[in-house]
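K.L.:
Contents are TSV, C-alpha atoms; file name my_file.tsv:
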chain	number	residue	atom	x	y	z
A	1354	MET	CA	16.01	-13.93	15.07
A	1355	VAL	CA	16.66	-11.93	18.24
A	1356	ILE	CA	13.76	-10.68	20.35
A	1357	GLY	CA	14.54	-7.05	19.50
A	1358	THR	CA	14.18	-7.68	15.77
A	1359	PHE	CA	10.97	-9.65	16.36
A	1360	LEU	CA	9.42	-6.81	18.36
A	1361	LEU	CA	10.61	-4.24	15.79
A	1362	LEU	CA	8.85	-6.10	12.99
A	1363	VAL	CA	5.64	-6.65	14.98
A	1364	GLY	CA	5.50	-2.98	15.97
A	1365	ALA	CA	6.28	-1.82	12.44
A	1366	GLY	CA	3.58	-4.17	11.16
A	1367	VAL	CA	0.93	-2.68	13.45
A	1368	ALA	CA	1.92	0.87	12.44
A	1369	ALA	CA	2.00	-0.13	8.76
A	1370	GLY	CA	-1.40	-1.82	8.97
A	1371	LEU	CA	-2.93	1.27	10.57
A	1372	ALA	CA	-1.30	3.65	8.07
A	1373	GLY	CA	-2.14	1.47	5.11
A	1374	SER	CA	-5.81	1.00	5.88
A	1375	MET	CA	-6.33	4.65	6.91
A	1376	ALA	CA	-3.89	6.58	4.71
A	1377	GLY	CA	-2.52	4.21	2.05
A	1378	LEU	CA	1.12	4.35	3.13
A	1379	ALA	CA	1.85	1.05	4.87
A	1380	SER	CA	5.24	0.56	3.20
A	1381	LEU	CA	6.66	3.69	4.81
A	1382	PHE	CA	6.69	1.77	8.11
A	1383	SER	CA	7.19	-1.85	7.11
A	1384	TYR	CA	9.85	-1.46	4.39
A	1385	PRO	CA	12.35	0.55	6.52
A	1386	ALA	CA	11.88	-1.94	9.39
A	1387	LEU	CA	12.94	-4.76	7.07
A	1388	LEU	CA	15.96	-2.75	5.95
A	1389	ALA	CA	16.81	-2.16	9.62
A	1390	ALA	CA	16.61	-5.92	10.13
A	1391	GLY	CA	19.49	-6.26	7.66
A	1392	MET	CA	17.80	-7.16	4.38
A	1393	PRO	CA	18.89	-5.99	0.91
A	1394	ALA	CA	16.44	-3.63	-0.79
A	1395	THR	CA	14.79	-6.07	-3.20
A	1396	ALA	CA	14.49	-8.82	-0.58
A	1397	ALA	CA	12.95	-6.29	1.83
A	1398	ASN	CA	10.42	-5.20	-0.80
A	1399	VAL	CA	9.27	-8.70	-1.79
A	1400	THR	CA	9.10	-9.79	1.87
A	1401	ASN	CA	7.10	-6.65	2.60
A	1402	THR	CA	4.63	-7.41	-0.19
A	1403	VAL	CA	4.09	-10.98	1.02
A	1404	ALA	CA	3.45	-9.75	4.56
A	1405	LEU	CA	1.14	-6.96	3.35
A	1406	THR	CA	-1.41	-9.53	2.22
A	1407	PHE	CA	-2.27	-9.96	5.90
A	1408	SER	CA	-2.93	-6.24	6.23
A	1409	SER	CA	-5.33	-6.50	3.32
A	1410	LEU	CA	-7.13	-9.41	4.99
A	1411	GLY	CA	-7.41	-7.45	8.22
A	1412	SER	CA	-8.58	-4.22	6.61
A	1413	THR	CA	-11.14	-6.06	4.47
A	1414	ALA	CA	-12.52	-7.84	7.53
A	1415	GLY	CA	-12.68	-4.53	9.40
A	1416	SER	CA	-14.46	-2.83	6.49
A	1417	ARG	CA	-17.38	-5.24	6.11
A	1418	PRO	CA	-20.04	-2.60	6.91
A	1419	GLU	CA	-18.70	-0.33	4.15
A	1420	LEU	CA	-18.44	-3.23	1.66
A	1421	THR	CA	-22.11	-4.17	1.97
A	1422	GLY	CA	-23.64	-4.04	-1.50
A	1423	GLN	CA	-20.28	-3.38	-3.18
A	1424	GLY	CA	-19.86	-6.90	-4.63
A	1425	PRO	CA	-20.60	-5.88	-8.26
A	1426	THR	CA	-18.05	-3.07	-8.04
A	1427	VAL	CA	-15.37	-5.39	-6.69
A	1428	ARG	CA	-16.04	-7.88	-9.48
A	1429	ARG	CA	-15.89	-5.10	-12.09
A	1430	PHE	CA	-12.37	-4.04	-11.14
A	1431	ALA	CA	-10.90	-7.20	-9.61
A	1432	LEU	CA	-9.34	-8.56	-12.79
A	1433	LEU	CA	-7.73	-5.19	-13.55
A	1434	ALA	CA	-6.15	-5.14	-10.09
A	1435	VAL	CA	-4.88	-8.72	-10.43
A	1436	LEU	CA	-3.35	-8.11	-13.88
A	1437	GLY	CA	-1.74	-4.88	-12.70
A	1438	GLY	CA	-0.30	-6.47	-9.56
A	1439	ALA	CA	1.17	-9.36	-11.57
A	1440	THR	CA	2.77	-6.94	-14.03
A	1441	GLY	CA	4.31	-4.87	-11.24
A	1442	ALA	CA	5.72	-7.97	-9.58
A	1443	GLY	CA	7.30	-9.06	-12.86
A	1444	LEU	CA	8.88	-5.65	-13.35
A	1445	LEU	CA	10.36	-5.74	-9.85
A	1446	LEU	CA	11.89	-9.19	-10.36
A	1447	LEU	CA	13.55	-7.89	-13.54
A	1448	THR	CA	14.96	-4.77	-11.81
A	1449	PRO	CA	18.58	-5.19	-10.61
A	1450	ASP	CA	18.95	-4.74	-6.84
A	1451	GLY	CA	21.42	-1.86	-7.16
A	1452	LEU	CA	19.07	0.04	-9.44
A	1453	PHE	CA	16.11	-0.57	-7.14
A	1454	VAL	CA	18.05	0.90	-4.21
A	1455	ARG	CA	18.40	4.13	-6.19
A	1456	ILE	CA	14.77	4.17	-7.34
A	1457	VAL	CA	13.22	3.69	-3.90
A	1458	PRO	CA	14.03	7.16	-2.44
A	1459	PHE	CA	12.20	8.79	-5.35
A	1460	LEU	CA	9.24	6.41	-4.97
A	1461	VAL	CA	9.02	7.17	-1.24
A	1462	ALA	CA	9.31	10.92	-1.84
A	1463	ALA	CA	6.63	10.84	-4.55
A	1464	ALA	CA	4.38	8.72	-2.33
A	1465	SER	CA	4.78	11.13	0.60
A	1466	LEU	CA	4.06	14.12	-1.63
A	1467	ALA	CA	0.95	12.40	-2.99
A	1468	LEU	CA	-0.26	11.78	0.55
A	1469	LEU	CA	0.45	15.37	1.57
A	1470	LEU	CA	-1.49	16.65	-1.45
A	1471	GLN	CA	-4.25	14.06	-1.13
A	1472	PRO	CA	-7.12	16.56	-0.66
A	1473	MET	CA	-5.96	18.57	-3.68
A	1474	ILE	CA	-5.63	15.41	-5.80
A	1475	LYS	CA	-9.15	14.31	-4.90
A	1476	SER	CA	-10.60	17.78	-5.50
A	1477	THR	CA	-8.90	18.14	-8.88
A	1478	MET	CA	-9.96	14.71	-10.07
A	1479	VAL	CA	-13.54	15.07	-8.91
A	1480	THR	CA	-13.74	18.49	-10.60
A	1481	ALA	CA	-12.36	17.04	-13.83
A	1482	SER	CA	-14.70	14.06	-13.87
A	1483	SER	CA	-18.04	13.44	-12.22
A	1484	HIS	CA	-18.34	9.74	-11.37
A	1485	ARG	CA	-17.68	7.89	-14.59
A	1486	THR	CA	-15.73	4.72	-15.37
A	1487	GLY	CA	-14.32	5.61	-18.76
A	1488	PRO	CA	-11.06	4.38	-20.28
A	1489	GLY	CA	-9.01	6.90	-18.31
A	1490	VAL	CA	-10.24	5.64	-14.94
A	1491	ILE	CA	-9.80	2.01	-15.99
A	1492	ALA	CA	-6.25	2.72	-17.19
A	1493	GLY	CA	-5.58	4.52	-13.92
A	1494	ILE	CA	-6.71	1.52	-11.86
A	1495	VAL	CA	-4.41	-0.74	-13.87
A	1496	ALA	CA	-1.49	1.69	-13.49
A	1497	VAL	CA	-1.96	2.03	-9.73
A	1498	SER	CA	-2.19	-1.76	-9.42
A	1499	VAL	CA	1.07	-2.12	-11.39
A	1500	TYR	CA	2.71	0.33	-9.00
A	1501	GLY	CA	1.20	-1.58	-6.06
A	1502	GLY	CA	2.79	-4.81	-7.27
A	1503	TYR	CA	6.13	-3.09	-7.85
A	1504	PHE	CA	6.50	-1.10	-4.60
A	1505	GLY	CA	3.16	0.29	-3.51
A	1506	ALA	CA	3.78	3.15	-1.07
A	1507	ALA	CA	0.89	5.62	-1.54
A	1508	ALA	CA	-0.82	3.34	-4.07
A	1509	GLY	CA	-3.79	3.55	-1.71
A	1510	VAL	CA	-3.87	7.34	-1.99
A	1511	LEU	CA	-4.04	7.18	-5.77
A	1512	MET	CA	-6.52	4.29	-5.85
A	1513	LEU	CA	-8.83	6.03	-3.41
A	1514	ALA	CA	-8.82	9.19	-5.51
A	1515	LEU	CA	-9.68	7.18	-8.64
A	1516	LEU	CA	-12.52	5.35	-6.93
A	1517	LEU	CA	-14.02	8.57	-5.58
A	1518	VAL	CA	-13.97	9.91	-9.13
A	1519	ALA	CA	-15.39	6.79	-10.74
A	1520	LEU	CA	-18.07	5.83	-8.24
A	1521	PRO	CA	-20.81	7.55	-6.23
A	1522	VAL	CA	-19.43	6.26	-2.91
A	1523	SER	CA	-18.58	7.87	0.41
A	1524	LEU	CA	-15.02	8.27	1.65
A	1525	LEU	CA	-15.30	5.24	3.94
A	1526	GLN	CA	-16.85	3.10	1.19
A	1527	GLY	CA	-14.13	4.16	-1.24
A	1528	ASN	CA	-11.48	3.37	1.34
A	1529	ALA	CA	-12.94	-0.10	1.83
A	1530	LEU	CA	-12.98	-0.77	-1.92
A	1531	LYS	CA	-9.41	0.51	-2.16
A	1532	ASN	CA	-8.32	-1.98	0.49
A	1533	VAL	CA	-9.91	-4.87	-1.41
A	1534	LEU	CA	-8.54	-3.96	-4.85
A	1535	LEU	CA	-5.01	-3.27	-3.66
A	1536	GLY	CA	-5.25	-6.42	-1.57
A	1537	LEU	CA	-5.84	-8.35	-4.80
A	1538	ALA	CA	-2.90	-6.60	-6.50
A	1539	ASN	CA	-0.64	-7.30	-3.51
A	1540	GLY	CA	-1.92	-10.86	-3.23
A	1541	ILE	CA	-1.06	-11.87	-6.80
A	1542	ALA	CA	2.30	-10.13	-6.50
A	1543	ALA	CA	2.95	-12.00	-3.26
A	1544	VAL	CA	2.27	-15.33	-4.98
A	1545	GLY	CA	4.82	-14.46	-7.67
A	1546	PHE	CA	7.39	-13.37	-5.10
A	1547	ALA	CA	6.82	-16.50	-3.01
A	1548	VAL	CA	7.67	-18.63	-6.05
A	1549	PHE	CA	10.34	-16.56	-7.80
A	1550	GLY	CA	11.51	-13.85	-5.35
A	1551	PRO	CA	14.05	-13.72	-2.51
A	1552	VAL	CA	11.45	-13.74	0.29
A	1553	GLU	CA	12.92	-13.78	3.81
A	1554	TRP	CA	10.31	-16.00	5.42
A	1555	TRP	CA	11.66	-15.61	8.95
A	1556	ALA	CA	10.53	-11.96	8.85
A	1557	VAL	CA	7.10	-12.57	7.33
A	1558	LEU	CA	5.45	-14.00	10.45
A	1559	PRO	CA	6.13	-11.14	12.93
A	1560	LEU	CA	5.51	-8.44	10.33
A	1561	ALA	CA	2.34	-10.14	9.10
A	1562	ALA	CA	1.03	-10.52	12.66
A	1563	GLY	CA	1.38	-6.79	13.24
A	1564	LEU	CA	-0.10	-5.97	9.83
A	1565	LEU	CA	-3.12	-8.15	10.50
A	1566	VAL	CA	-3.83	-6.34	13.77
A	1567	GLY	CA	-3.16	-2.88	12.34
A	1568	GLY	CA	-5.13	-3.55	9.16
A	1569	TRP	CA	-8.16	-4.78	11.11
A	1570	THR	CA	-8.20	-1.89	13.60
A	1571	GLY	CA	-7.45	0.82	11.01
A	1572	PRO	CA	-10.98	1.00	9.53
A	1573	LEU	CA	-12.44	1.04	13.06
A	1574	LEU	CA	-10.28	4.05	13.95
A	1575	ALA	CA	-10.97	5.72	10.59
A	1576	ARG	CA	-14.66	5.90	11.54
A	1577	ARG	CA	-13.81	7.85	14.70
A	1578	LEU	CA	-10.67	9.94	14.08
A	1579	PRO	CA	-10.01	12.93	11.79
A	1580	GLY	CA	-7.43	11.81	9.28
A	1581	SER	CA	-5.75	15.14	8.46
A	1582	VAL	CA	-3.23	15.10	11.32
A	1583	LEU	CA	-2.31	11.48	10.67
A	1584	ARG	CA	-1.99	12.13	6.93
A	1585	ILE	CA	0.38	15.07	7.40
A	1586	ALA	CA	2.46	13.30	10.04
A	1587	ILE	CA	2.95	10.23	7.85
A	1588	ALA	CA	3.78	12.38	4.81
A	1589	VAL	CA	6.44	14.35	6.70
A	1590	ALA	CA	7.94	11.14	8.10
A	1591	GLY	CA	8.00	9.75	4.58
A	1592	MET	CA	9.92	12.76	3.27
A	1593	VAL	CA	12.49	12.34	6.03
A	1594	LEU	CA	12.80	8.65	5.16
A	1595	ALA	CA	13.23	9.47	1.46
A	1596	VAL	CA	16.12	11.80	2.24
A	1597	ARG	CA	17.74	9.18	4.48
A	1598	LEU	CA	17.39	6.42	1.89
A	1599	GLY	CA	18.70	8.77	-0.80
A	1600	LEU	CA	21.82	9.57	1.21
A	1601	GLN	CA	22.44	5.87	1.76
A	1602	ALA	CA	21.89	5.00	-1.91
A	1603	PHE	CA	24.02	7.75	-3.43
As a first step, turn the structure in this file into structure tokens.
P.N.:
Amino acid sequence: MVIGTFLLLVGAGVAAGLAGSMAGLASLFSYPALLAAGMPATAANVTNTVALTFSSLGSTAGSRPELTGQGPTVRRFALLAVLGGATGAGLLLLTPDGLFVRIVPFLVAAASLALLLQPMIKSTMVTASSHRTGPGVIAGIVAVSVYGGYFGAAAGVLMLALLLVALPVSLLQGNALKNVLLGLANGIAAVGFAVFGPVEWWAVLPLAAGLLVGGWTGPLLARRLPGSVLRIAIAVAGMVLAVRLGLQAF
């Protein structure tokens, strides 16, 4: 691995860790960097998922103040996240690489749109339901975890909205819980990919190092910075990326 590729992956990892822990869109930085390093689409996605486990570790460590007293909530939803992540990983391994290349631009575009409309999504869901964990919320957590195991861009946006609906928690507390639950979904998917998937291990270390740093510092910055500018900037960049990937795929 040349030094330029190493630095690219470390830098993309830091940016992805920050974006993932603060805005739920880590893959919009890390996945394109892996493609730029010369990987096929499916190999890039499974390698990205394995590396993202380090972002989850970092963001969870950085969110300890917000996780205080949240142990029962984590235990309530942990199994759902694990089952969903495992299902998503299985679906990805069954998806032909050529088909996945054509699906990704739509996933990225949908993820970017979800991030752009994040305030509206939260407002609509909170209006429709006032803090209850009924079957709809439980099914939503499973569905988001499946998506997280399959690809995952903007899974954090959707998970955060669900948690704010289901639980009487603050934004920072919900964000911390989101990081833990999606970390579980990513973690079980990563185990499956490590055993059955085409993981490019040479790329995991530099990307994971950047993700660990970005994931740990993201919650610290989230306590101090307004997120609206970051959210819009990442969403616009994601739309541009979706168009680029679409042109390459079709």
K.L.:
Got a sec: who's within 12 Å of Gly1540 of chain A, counting all atoms listed in the file, leaving out chain neighbours fewer than 2 positions off, as a ChimeraX atom specification?
P.N.:
/A:1399,1401-1410,1431,1434-1439,1441-1442,1498,1501-1502,1532-1538,1542-1547
K.L.:
Keeping only C-alpha atoms, write those residues as a short mmCIF file (atom, residue, chain, number, x, y, z; two decimals), keeping the file's coordinate frame.
P.N.:
data_model
loop_
_atom_site.label_atom_id
_atom_site.label_comp_id
_atom_site.auth_asym_id
_atom_site.auth_seq_id
_atom_site.Cartn_x
_atom_site.Cartn_y
_atom_site.Cartn_z
CA VAL A 1399 9.27 -8.70 -1.79
CA ASN A 1401 7.10 -6.65 2.60
CA THR A 1402 4.63 -7.41 -0.19
CA VAL A 1403 4.09 -10.98 1.02
CA ALA A 1404 3.45 -9.75 4.56
CA LEU A 1405 1.14 -6.96 3.35
CA THR A 1406 -1.41 -9.53 2.22
CA PHE A 1407 -2.27 -9.96 5.90
CA SER A 1408 -2.93 -6.24 6.23
CA SER A 1409 -5.33 -6.50 3.32
CA LEU A 1410 -7.13 -9.41 4.99
CA ALA A 1431 -10.90 -7.20 -9.61
CA ALA A 1434 -6.15 -5.14 -10.09
CA VAL A 1435 -4.88 -8.72 -10.43
CA LEU A 1436 -3.35 -8.11 -13.88
CA GLY A 1437 -1.74 -4.88 -12.70
CA GLY A 1438 -0.30 -6.47 -9.56
CA ALA A 1439 1.17 -9.36 -11.57
CA GLY A 1441 4.31 -4.87 -11.24
CA ALA A 1442 5.72 -7.97 -9.58
CA SER A 1498 -2.19 -1.76 -9.42
CA GLY A 1501 1.20 -1.58 -6.06
CA GLY A 1502 2.79 -4.81 -7.27
CA ASN A 1532 -8.32 -1.98 0.49
CA VAL A 1533 -9.91 -4.87 -1.41
CA LEU A 1534 -8.54 -3.96 -4.85
CA LEU A 1535 -5.01 -3.27 -3.66
CA GLY A 1536 -5.25 -6.42 -1.57
CA LEU A 1537 -5.84 -8.35 -4.80
CA ALA A 1538 -2.90 -6.60 -6.50
CA ALA A 1542 2.30 -10.13 -6.50
CA ALA A 1543 2.95 -12.00 -3.26
CA VAL A 1544 2.27 -15.33 -4.98
CA GLY A 1545 4.82 -14.46 -7.67
CA PHE A 1546 7.39 -13.37 -5.10
CA ALA A 1547 6.82 -16.50 -3.01
#
K.L.:
Out of A:Val1495, A:Val1589, A:Ala1396, A:Ala1365, which residue has the shortest atom-to-atom distance to Ser1383 of chain A when counting all atoms listed in the file?
P.N.:
A:Ala1365
K.L.:
Have a look at A:Thr1426, A:Asn1398, A:Thr1358, A:Thr1413 and name the one nearest to Gly1571 of chain A; count all atoms listed in the file.
P.N.:
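So, comparing all the options, the nearest one is A:Thr1413.
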K.L.:
Enter the distance from atom CA of Thr1440 of chain A to atom CA of Val1518 of chain A, in Å, rounded to one decimal.
P.N.:
24.3 Å
K.L.:
Smallest atom-to-atom distance to Pro1488 of chain A: which of A:Ala1519, A:Thr1570, A:Tyr1500, A:Gly1591, using all atoms listed in the file?
P.N.:
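Of A:Ala1519, A:Thr1570, A:Tyr1500, A:Gly1591, the one nearest Pro1488 of chain A, counting all atoms listed in the file, is A:Ala1519.
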K.L.:
Kindly give the distance, in Å, that separates atom CA of Trp1555 of chain A and atom CA of Gly1451 of chain A, rounded to a single decimal.
P.N.:
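Answer for the atom CA of Trp1555 of chain A to atom CA of Gly1451 of chain A separation: 23.3 Å.
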K.L.:
Skip Gly1563 of chain A itself and residues of its chain fewer than 6 positions away, then list as a short mmCIF file (atom, residue, chain, number, x, y, z; two decimals) with C-alpha atoms, keeping the file's coordinate frame all residues within 7 Å of it, counting only C-alpha atoms.
P.N.:
data_model
loop_
_atom_site.label_atom_id
_atom_site.label_comp_id
_atom_site.auth_asym_id
_atom_site.auth_seq_id
_atom_site.Cartn_x
_atom_site.Cartn_y
_atom_site.Cartn_z
CA VAL A 1363 5.64 -6.65 14.98
CA GLY A 1364 5.50 -2.98 15.97
CA GLY A 1366 3.58 -4.17 11.16
CA VAL A 1367 0.93 -2.68 13.45
#
K.L.:
Which of these, A:Ser1465, A:Thr1400, A:Asn1539, A:Asn1528, has the shortest distance to Leu1515 of chain A once you count all atoms listed in the file?
P.N.:
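Smallest distance to Leu1515 of chain A is found for A:Asn1528.
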K.L.:
Considering only C-alpha atoms, state which residue in the set A:Leu1432, A:Leu1420, A:Val1461, A:Leu1361 is at the smallest distance from Gly1599 of chain A.
P.N.:
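Closest to Gly1599 of chain A of all the choices is A:Val1461.
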K.L.:
In Å, rounded to a single decimal, give me how far atom CA of Ala1467 of chain A is from atom CA of Val1510 of chain A.
P.N.:
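It comes out at 7.1 Å.
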K.L.:
I need the residue nearest Ile1541 of chain A from this list: A:Asp1450, A:Val1499, A:Ser1416, A:Val1355. Use all atoms listed in the file for the distance.
P.N.:
A:Val1499
